[in-house]
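Peer 1: Dropping in target_29.txt, with compact mmCIF, C-alpha atoms (C1' of nucleotides).
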```
# COMPACT_ATOMS: atom_id res chain seq x y z
CA MET I 26 0.00 0.00 0.00
CA SER I 27 3.02 2.23 -0.44
CA LEU I 28 2.80 5.53 -2.20
CA ASP I 29 5.26 4.16 -4.75
CA THR I 30 2.89 1.45 -5.89
CA ALA I 31 -0.17 3.70 -5.68
CA TYR I 32 1.27 6.42 -7.90
CA ALA I 33 2.89 3.90 -10.22
CA ALA I 34 -0.53 2.30 -10.62
CA LEU I 35 -2.11 5.67 -11.40
CA ALA I 36 0.54 6.46 -14.00
CA ASP I 37 -1.03 4.12 -16.55
CA PRO I 38 -4.03 5.41 -18.56
CA THR I 39 -5.57 1.95 -18.89
CA ARG I 40 -5.56 1.59 -15.13
CA ARG I 41 -7.04 5.05 -14.62
CA ALA I 42 -9.79 4.13 -17.09
CA ILE I 43 -10.47 0.99 -15.09
CA LEU I 44 -10.76 3.07 -11.92
CA ALA I 45 -13.12 5.45 -13.72
CA ARG I 46 -15.24 2.50 -14.75
CA LEU I 47 -15.33 1.14 -11.22
CA ALA I 48 -16.36 4.51 -9.83
CA LEU I 49 -19.65 3.85 -11.62
CA GLY I 50 -20.07 0.59 -9.74
CA GLU I 51 -18.48 -2.80 -9.31
CA ALA I 52 -17.84 -4.95 -12.36
CA THR I 53 -16.55 -8.37 -13.32
CA VAL I 54 -13.16 -8.80 -14.95
CA GLY I 55 -14.87 -9.57 -18.25
CA GLU I 56 -16.97 -6.41 -18.09
CA ILE I 57 -13.90 -4.36 -17.29
CA ALA I 58 -11.90 -5.90 -20.12
CA GLU I 59 -14.58 -5.50 -22.77
CA PRO I 60 -13.89 -1.92 -23.97
CA PHE I 61 -10.11 -2.37 -24.12
CA PRO I 62 -8.26 -3.54 -27.21
CA ILE I 63 -5.72 -5.54 -25.22
CA SER I 64 -5.63 -9.18 -24.21
CA GLY I 65 -7.24 -10.71 -21.15
CA PRO I 66 -3.96 -11.45 -19.41
CA ALA I 67 -2.91 -7.82 -19.88
CA ILE I 68 -6.09 -6.69 -18.12
CA SER I 69 -5.58 -9.28 -15.44
CA ARG I 70 -2.13 -7.89 -14.71
CA HIS I 71 -3.43 -4.33 -14.61
CA LEU I 72 -5.99 -5.46 -12.05
CA LYS I 73 -3.28 -7.12 -10.03
CA VAL I 74 -1.26 -3.89 -9.98
CA LEU I 75 -4.34 -1.95 -8.87
CA GLU I 76 -5.09 -4.53 -6.21
CA GLU I 77 -1.54 -4.49 -4.84
CA ALA I 78 -1.74 -0.71 -4.69
CA ARG I 79 -4.95 -1.15 -2.66
CA LEU I 80 -6.83 0.88 -5.24
CA ILE I 81 -9.31 -1.92 -5.95
CA ALA I 82 -10.48 -5.18 -4.36
CA ARG I 83 -11.34 -8.43 -6.09
CA THR I 84 -13.69 -11.08 -4.75
CA ARG I 85 -14.79 -14.29 -6.40
CA ARG I 86 -18.46 -14.71 -7.22
CA GLY I 87 -18.99 -18.16 -8.67
CA GLN I 88 -17.06 -18.39 -11.87
CA GLN I 89 -16.24 -14.73 -12.11
CA PHE I 90 -14.32 -12.17 -10.15
CA VAL I 91 -15.98 -8.94 -9.13
CA CYS I 92 -13.86 -5.81 -8.76
CA SER I 93 -14.67 -2.68 -6.81
CA LEU I 94 -12.89 0.51 -5.86
CA ASN I 95 -10.97 0.39 -2.62
CA PRO I 96 -11.21 3.78 -0.92
CA GLN I 97 -8.18 3.03 1.23
CA GLY I 98 -5.54 3.30 -1.49
CA LEU I 99 -7.19 6.26 -3.15
CA LYS I 100 -7.17 8.07 0.15
CA THR I 101 -3.53 7.27 0.77
CA ALA I 102 -2.57 8.57 -2.67
CA GLN I 103 -4.46 11.78 -2.22
CA GLU I 104 -3.26 12.48 1.28
CA TRP I 105 0.35 12.84 0.20
CA LEU I 106 -0.64 15.42 -2.38
CA ASP I 107 -2.98 17.07 0.13
CA HIS I 108 0.04 17.77 2.25
CA TYR I 109 1.09 20.23 -0.46
CA ARG I 110 -2.35 21.58 -1.29
CA ALA I 111 -1.98 24.63 0.92
CA PHE I 112 1.29 25.43 -0.74
CA TRP I 113 0.29 25.16 -4.33
CA SER I 114 -3.19 26.55 -4.05
CA GLY I 115 -1.72 29.53 -2.24
CA ALA I 116 0.95 29.86 -4.88
CA LEU I 117 -1.64 29.80 -7.63
CA ASP I 118 -3.66 32.44 -5.82
CA ARG I 119 -0.59 34.63 -5.53
CA LEU I 120 0.15 34.08 -9.20
CA ASP I 121 -3.41 34.99 -10.02
CA VAL I 122 -3.27 38.19 -7.98
CA HIS I 123 0.04 39.04 -9.57
CA LEU I 124 -1.34 38.58 -13.06
CA LYS I 125 -4.36 40.74 -12.26
CA LYS I 126 -2.14 43.44 -10.81
CA THR I 127 0.33 43.44 -13.65
CA PRO I 128 -0.89 45.50 -16.59
CA GLU I 129 -0.72 43.61 -19.90
CA LYS I 130 2.05 44.74 -22.14
CA LYS I 131 0.86 44.61 -25.72
CA MET K 29 1.85 17.88 -18.42
CA SER K 30 -0.08 14.65 -18.82
CA LEU K 31 -1.35 12.72 -15.84
CA ASP K 32 0.82 9.82 -16.98
CA THR K 33 4.03 11.74 -16.52
CA ALA K 34 2.83 13.45 -13.34
CA TYR K 35 1.93 10.22 -11.55
CA ALA K 36 4.96 8.42 -12.94
CA ALA K 37 7.09 11.23 -11.50
CA LEU K 38 5.37 10.90 -8.12
CA ALA K 39 5.93 7.15 -8.05
CA ASP K 40 9.61 7.54 -7.17
CA PRO K 41 10.50 8.19 -3.51
CA THR K 42 13.59 10.21 -4.40
CA ARG K 43 11.47 12.53 -6.49
CA ARG K 44 8.84 12.87 -3.75
CA ALA K 45 11.64 13.74 -1.33
CA ILE K 46 12.84 16.41 -3.75
CA LEU K 47 9.34 17.87 -3.88
CA ALA K 48 9.16 17.82 -0.09
CA ARG K 49 12.45 19.70 0.03
CA LEU K 50 11.20 22.28 -2.47
CA ALA K 51 8.01 22.81 -0.50
CA LEU K 52 10.30 24.43 2.09
CA GLY K 53 11.58 26.86 -0.51
CA GLU K 54 13.53 26.99 -3.75
CA ALA K 55 16.95 25.37 -3.91
CA THR K 56 19.86 24.91 -6.28
CA VAL K 57 20.56 21.55 -7.89
CA GLY K 58 23.58 21.13 -5.62
CA GLU K 59 21.54 21.80 -2.50
CA ILE K 60 18.89 19.35 -3.62
CA ALA K 61 21.45 16.67 -4.41
CA GLU K 62 23.37 17.00 -1.15
CA PRO K 63 21.35 14.68 1.14
CA PHE K 64 21.05 11.89 -1.46
CA PRO K 65 23.55 9.06 -1.79
CA ILE K 66 23.26 8.97 -5.57
CA SER K 67 25.33 10.63 -8.28
CA GLY K 68 24.80 14.12 -9.68
CA PRO K 69 23.62 12.91 -13.07
CA ALA K 70 21.02 10.71 -11.37
CA ILE K 71 19.63 13.78 -9.55
CA SER K 72 19.76 15.77 -12.75
CA ARG K 73 17.59 13.21 -14.49
CA HIS K 74 15.11 13.11 -11.60
CA LEU K 75 14.83 16.88 -11.91
CA LYS K 76 14.25 16.56 -15.62
CA VAL K 77 11.43 14.08 -15.01
CA LEU K 78 9.87 16.42 -12.45
CA GLU K 79 10.22 19.36 -14.81
CA GLU K 80 8.65 17.52 -17.73
CA ALA K 81 5.76 16.57 -15.44
CA ARG K 82 5.42 20.29 -14.66
CA LEU K 83 5.92 19.55 -10.99
CA ILE K 84 8.93 21.85 -10.71
CA ALA K 85 10.54 24.68 -12.67
CA ARG K 86 14.24 25.32 -13.20
CA THR K 87 15.81 28.68 -13.94
CA ARG K 88 19.47 29.52 -14.35
CA ARG K 89 21.04 31.89 -11.84
CA GLY K 90 24.60 32.50 -12.86
CA GLN K 91 26.43 29.25 -12.67
CA GLN K 92 23.72 27.36 -10.88
CA PHE K 93 20.19 26.27 -11.54
CA VAL K 94 17.47 27.13 -9.06
CA CYS K 95 14.50 24.79 -8.72
CA SER K 96 11.09 25.58 -7.31
CA LEU K 97 7.76 23.81 -7.04
CA ASN K 98 5.40 24.33 -9.93
CA PRO K 99 1.85 24.47 -8.60
CA GLN K 100 0.44 23.71 -12.03
CA GLY K 101 1.46 20.06 -12.21
CA LEU K 102 0.66 19.40 -8.58
CA LYS K 103 -2.81 20.76 -9.14
CA THR K 104 -3.32 18.66 -12.25
CA ALA K 105 -2.26 15.52 -10.39
CA GLN K 106 -4.58 16.19 -7.51
CA GLU K 107 -7.58 17.17 -9.58
CA TRP K 108 -7.84 13.72 -11.13
CA LEU K 109 -7.92 12.13 -7.70
CA ASP K 110 -10.29 14.84 -6.47
CA HIS K 111 -12.77 13.62 -9.01
CA TYR K 112 -13.06 10.47 -6.90
CA ARG K 113 -12.87 12.11 -3.50
CA ALA K 114 -16.62 12.19 -3.02
CA PHE K 115 -16.81 8.53 -3.87
CA TRP K 116 -14.14 7.22 -1.61
CA SER K 117 -14.70 9.50 1.33
CA GLY K 118 -18.37 8.53 1.18
CA ALA K 119 -17.46 4.88 0.95
CA LEU K 120 -15.21 5.17 3.95
CA ASP K 121 -17.97 6.90 5.88
CA ARG K 122 -20.38 4.13 5.00
CA LEU K 123 -17.81 1.54 6.00
CA ASP K 124 -17.30 3.38 9.26
CA VAL K 125 -21.04 3.48 9.97
CA HIS K 126 -21.31 -0.16 9.08
CA LEU K 127 -18.54 -1.12 11.46
CA LYS K 128 -20.12 0.89 14.25
CA LYS K 129 -23.53 -0.68 13.63
CA THR K 130 -22.23 -4.21 13.44
CA PRO K 131 -21.77 -5.71 16.91
CA GLU K 132 -18.36 -7.28 17.41
CA LYS K 133 -18.40 -11.01 17.43
CA LYS K 134 -15.84 -12.27 19.88
C1' DC X 3 42.83 32.85 -21.58
C1' DT X 4 43.28 29.21 -18.40
C1' DT X 5 41.40 26.92 -14.52
C1' DG X 6 37.68 25.63 -11.54
C1' DT X 7 32.91 24.67 -10.56
C1' DA X 8 27.94 23.53 -11.38
C1' DT X 9 25.32 21.00 -14.06
C1' DT X 10 23.82 18.56 -18.21
C1' DT X 11 24.37 15.12 -21.77
C1' DA X 12 26.11 10.65 -23.65
C1' DA X 13 26.80 5.86 -23.48
C1' DC X 14 26.23 1.88 -21.09
C1' DT X 15 23.96 -1.75 -17.73
C1' DG X 16 20.64 -4.37 -15.01
C1' DA X 17 15.89 -4.30 -13.46
C1' DT X 18 11.05 -3.42 -14.23
C1' DA X 19 6.74 -2.65 -17.05
C1' DG X 20 3.41 -3.75 -20.41
C1' DG X 21 2.32 -6.39 -24.06
C1' DT X 22 1.86 -11.07 -26.40
C1' DT X 23 0.49 -16.36 -26.84
C1' DA X 24 0.20 -20.80 -24.53
C1' DT X 25 -1.07 -23.21 -20.47
C1' DT X 26 -3.40 -23.94 -16.07
C1' DT X 27 -7.02 -23.51 -12.60
C1' DA X 28 -11.58 -23.46 -10.98
C1' DA X 29 -16.41 -23.31 -11.40
C1' DC X 30 -20.52 -24.12 -14.05
C1' DT X 31 -23.27 -27.20 -17.51
C1' DT X 32 -24.72 -31.33 -19.55
C1' DA W 17 -17.08 -37.51 -16.16
C1' DA W 18 -16.47 -34.43 -20.17
C1' DG W 19 -16.80 -30.04 -22.11
C1' DT W 20 -17.22 -24.93 -21.66
C1' DT W 21 -16.29 -20.62 -19.73
C1' DA W 22 -13.89 -16.91 -16.71
C1' DA W 23 -9.89 -15.68 -15.23
C1' DA W 24 -5.09 -16.33 -13.53
C1' DT W 25 -0.36 -17.73 -14.28
C1' DA W 26 3.88 -18.86 -17.09
C1' DA W 27 7.20 -17.82 -20.39
C1' DC W 28 8.82 -14.72 -23.39
C1' DC W 29 9.91 -10.08 -25.92
C1' DT W 30 10.84 -5.24 -26.25
C1' DA W 31 10.94 -0.67 -24.32
C1' DT W 32 11.64 2.22 -20.56
C1' DC W 33 13.75 3.41 -16.02
C1' DA W 34 17.14 4.36 -12.49
C1' DG W 35 21.56 4.05 -11.74
C1' DT W 36 26.63 4.33 -13.15
C1' DT W 37 31.13 6.70 -15.17
C1' DA W 38 33.04 9.69 -18.60
C1' DA W 39 32.69 13.72 -21.51
C1' DA W 40 30.63 18.18 -22.76
C1' DT W 41 28.82 22.82 -21.66
C1' DA W 42 28.59 27.19 -19.58
C1' DC W 43 29.53 30.47 -16.39
C1' DA W 44 32.98 32.63 -12.78
C1' DA W 45 37.44 33.96 -11.19
C1' DG W 46 42.37 34.43 -11.47
```
Please go through the file and, once you have read it, give me the structure as structure tokens.
Peer 2:
Amino acid sequence: MSLDTAYAALADPTRRAILARLALGEATVGEIAEPFPISGPAISRHLKVLEEARLIARTRRGQQFVCSLNPQGLKTAQEWLDHYRAFWSGALDRLDVHLKKTPEKK
Amino acid sequence: MSLDTAYAALADPTRRAILARLALGEATVGEIAEPFPISGPAISRHLKVLEEARLIARTRRGQQFVCSLNPQGLKTAQEWLDHYRAFWSGALDRLDVHLKKTPEKK
DNA sequence: CTTGTATTTAACTGATAGGTTATTTAACTT
DNA sequence: AAGTTAAATAACCTATCAGTTAAATACAAG
């Protein structure tokens, strides 16, 4: 559940798309795989990466596996960035003020 | 400034440590490199990764390069996760309620 | 203009990531 | 029990990553 694995997991667009799908509700591996042009095993490994990062959870339901978002990992990932939120939001505000103060030079 | 590069940049602990250092204020490449047990070129490439992810900015000052946090990339990285904040904070609340409702079975 | 210093770039190396196809596992169906 | 289906695992390939040392660049100072 380290930040390393969480951010590494988020770095891949396929995995972010999977998370976006799961935000709409849980889904089986097959349902998740359907829209992607890559092989089943590739999806399966993406899911494993997401699971190890604690971003999703997988449970067996009969023959299929059902995946759902795991709030835990998402929270962990965001908290590190949150630590800097004050800094950068403040910095953007200051930048904004500065830009409004500074007359445009055409 | 893609999310891919931003999260990939955040996935490395050395780079997160560099960001933490820069949150305290701008610093030269030499100052940033000092606490790390790795070579100068290795630091230089980490800085390049952070710069390409728009997480920091580098400007030359005489012979040295001064680095500072770039709020832009940090904001971009957090906004994607923010999109899910409602979901996962809600889910954690529900989990919390559930755990409080459910009597412990010893 | 030579020397020193800060930093980047180049070239190389071993490890990891993301993809493939082939095989295995486990549950359902008949 | 035999066959089908859902998904995981194995083995393999290529590209990218994080590190190294050596060389190049660019400014500063004698």
Peer 1: Could you jot down the CA of Gly55 (chain I) to CA of Phe90 (chain I) separation for me, Å, one decimal place?
Peer 2: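 Separation between CA of Gly55 (chain I) and CA of Phe90 (chain I): 8.5 Å.
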Peer 1: What does the distance from CA of Ala81 (chain K) to CA of Ile81 (chain I) come to in Å, to one decimal?
Peer 2: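 Spanning CA of Ala81 (chain K) to CA of Ile81 (chain I) is a straight-line distance of 25.7 Å.
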Peer 1: In Å, rounded to a single decimal, give me how far CA of Ala85 (chain K) is from CA of Gln100 (chain K).
Peer 2: 10.2 Å
Peer 1: Taking only residues of chain X that have an atom at most 9 Å from an atom of chain I, what is each one's shortest atom pair and its distance in Å to one decimal, using all atoms listed in the file, in chain and number order, as JSON lines?
Peer 2:
```
{"residue": "X:DG20", "atom": "C1'", "partner": "I:Ala67", "partner_atom": "CA", "distance": 7.5}
{"residue": "X:DG21", "atom": "C1'", "partner": "I:Ala67", "partner_atom": "CA", "distance": 6.8}
{"residue": "X:DT22", "atom": "C1'", "partner": "I:Ser64", "partner_atom": "CA", "distance": 8.0}
{"residue": "X:DA28", "atom": "C1'", "partner": "I:Gln88", "partner_atom": "CA", "distance": 7.5}
{"residue": "X:DA29", "atom": "C1'", "partner": "I:Gln88", "partner_atom": "CA", "distance": 5.0}
{"residue": "X:DC30", "atom": "C1'", "partner": "I:Gln88", "partner_atom": "CA", "distance": 7.0}
```
Peer 1: For chain K against chain I, which residues fall within 10 Å using all atoms listed in the file, given as a ChimeraX atom specification?
Peer 2: /K:30-41,44,47-48,51-52,97-103,105-113,115-120,123
Peer 1: For chain W against chain I, which residues fall within 9 Å using all atoms listed in the file, given as a list of chain:residue names?
Peer 2: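 Every residue meeting the condition is included here: W:DT21, W:DA22, W:DA23, W:DA24, W:DT25.
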Peer 1: Set the distance at 8 Å and use all atoms listed in the file: which residues neighbour region 30-39 of chain W once local chain neighbours fewer than 5 positions away are removed? I'd like the list as a list in words.
Peer 2: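 Surrounding residues, per the criterion: Ala70 of chain K; DA12, DT18 and DA19 of chain X.
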Peer 1: Do a neighbour search on DA45 (chain W) at 12 Å with all atoms listed in the file, toss out local chain neighbours closer than 4 positions, and write the hits as a VMD selection string.
Peer 2: chain X and resid 3 to 7
Peer 1: Reconstruct N, CA and C atoms of region 90-108 of chain I; output as a PDB file, in the frame of the given file.
Peer 2:
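This went into rebuild_0.pdb:
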```
ATOM      1  N   PHE I  90     -14.887 -13.002 -11.196  1.00  0.00           N
ATOM      2  CA  PHE I  90     -14.320 -12.170 -10.150  1.00  0.00           C
ATOM      3  C   PHE I  90     -14.918 -10.781 -10.260  1.00  0.00           C
ATOM      4  N   VAL I  91     -15.368 -10.267  -9.141  1.00  0.00           N
ATOM      5  CA  VAL I  91     -15.980  -8.940  -9.130  1.00  0.00           C
ATOM      6  C   VAL I  91     -14.983  -7.952  -8.528  1.00  0.00           C
ATOM      7  N   CYS I  92     -14.795  -6.835  -9.220  1.00  0.00           N
ATOM      8  CA  CYS I  92     -13.860  -5.810  -8.760  1.00  0.00           C
ATOM      9  C   CYS I  92     -14.621  -4.581  -8.293  1.00  0.00           C
ATOM     10  N   SER I  93     -14.082  -3.926  -7.281  1.00  0.00           N
ATOM     11  CA  SER I  93     -14.670  -2.680  -6.810  1.00  0.00           C
ATOM     12  C   SER I  93     -13.574  -1.754  -6.330  1.00  0.00           C
ATOM     13  N   LEU I  94     -13.854  -0.470  -6.345  1.00  0.00           N
ATOM     14  CA  LEU I  94     -12.890   0.510  -5.860  1.00  0.00           C
ATOM     15  C   LEU I  94     -12.600   0.262  -4.387  1.00  0.00           C
ATOM     16  N   ASN I  95     -11.354   0.462  -4.020  1.00  0.00           N
ATOM     17  CA  ASN I  95     -10.970   0.390  -2.620  1.00  0.00           C
ATOM     18  C   ASN I  95     -10.577   1.789  -2.145  1.00  0.00           C
ATOM     19  N   PRO I  96     -11.447   2.398  -1.341  1.00  0.00           N
ATOM     20  CA  PRO I  96     -11.210   3.780  -0.920  1.00  0.00           C
ATOM     21  C   PRO I  96      -9.852   3.967  -0.231  1.00  0.00           C
ATOM     22  N   GLN I  97      -9.405   2.936   0.432  1.00  0.00           N
ATOM     23  CA  GLN I  97      -8.180   3.030   1.230  1.00  0.00           C
ATOM     24  C   GLN I  97      -6.977   3.574   0.429  1.00  0.00           C
ATOM     25  N   GLY I  98      -6.692   2.906  -0.692  1.00  0.00           N
ATOM     26  CA  GLY I  98      -5.540   3.300  -1.490  1.00  0.00           C
ATOM     27  C   GLY I  98      -5.715   4.669  -2.116  1.00  0.00           C
ATOM     28  N   LEU I  99      -6.930   4.960  -2.563  1.00  0.00           N
ATOM     29  CA  LEU I  99      -7.190   6.260  -3.150  1.00  0.00           C
ATOM     30  C   LEU I  99      -6.939   7.361  -2.131  1.00  0.00           C
ATOM     31  N   LYS I 100      -7.369   7.084  -0.901  1.00  0.00           N
ATOM     32  CA  LYS I 100      -7.170   8.070   0.150  1.00  0.00           C
ATOM     33  C   LYS I 100      -5.682   8.288   0.414  1.00  0.00           C
ATOM     34  N   THR I 101      -4.965   7.189   0.528  1.00  0.00           N
ATOM     35  CA  THR I 101      -3.530   7.270   0.770  1.00  0.00           C
ATOM     36  C   THR I 101      -2.833   8.112  -0.305  1.00  0.00           C
ATOM     37  N   ALA I 102      -3.193   7.843  -1.567  1.00  0.00           N
ATOM     38  CA  ALA I 102      -2.570   8.570  -2.670  1.00  0.00           C
ATOM     39  C   ALA I 102      -2.862  10.053  -2.580  1.00  0.00           C
ATOM     40  N   GLN I 103      -4.103  10.372  -2.229  1.00  0.00           N
ATOM     41  CA  GLN I 103      -4.460  11.780  -2.220  1.00  0.00           C
ATOM     42  C   GLN I 103      -3.879  12.515  -1.014  1.00  0.00           C
ATOM     43  N   GLU I 104      -3.740  11.795   0.086  1.00  0.00           N
ATOM     44  CA  GLU I 104      -3.260  12.480   1.280  1.00  0.00           C
ATOM     45  C   GLU I 104      -1.852  13.040   1.121  1.00  0.00           C
ATOM     46  N   TRP I 105      -1.013  12.305   0.383  1.00  0.00           N
ATOM     47  CA  TRP I 105       0.350  12.840   0.200  1.00  0.00           C
ATOM     48  C   TRP I 105       0.281  14.157  -0.556  1.00  0.00           C
ATOM     49  N   LEU I 106      -0.514  14.178  -1.615  1.00  0.00           N
ATOM     50  CA  LEU I 106      -0.640  15.420  -2.380  1.00  0.00           C
ATOM     51  C   LEU I 106      -1.307  16.504  -1.547  1.00  0.00           C
ATOM     52  N   ASP I 107      -2.266  16.108  -0.711  1.00  0.00           N
ATOM     53  CA  ASP I 107      -2.980  17.070   0.130  1.00  0.00           C
ATOM     54  C   ASP I 107      -2.015  17.846   1.014  1.00  0.00           C
ATOM     55  N   HIS I 108      -0.965  17.151   1.406  1.00  0.00           N
ATOM     56  CA  HIS I 108       0.040  17.770   2.250  1.00  0.00           C
ATOM     57  C   HIS I 108       0.606  19.036   1.591  1.00  0.00           C
TER      58      HIS I 108
END
```
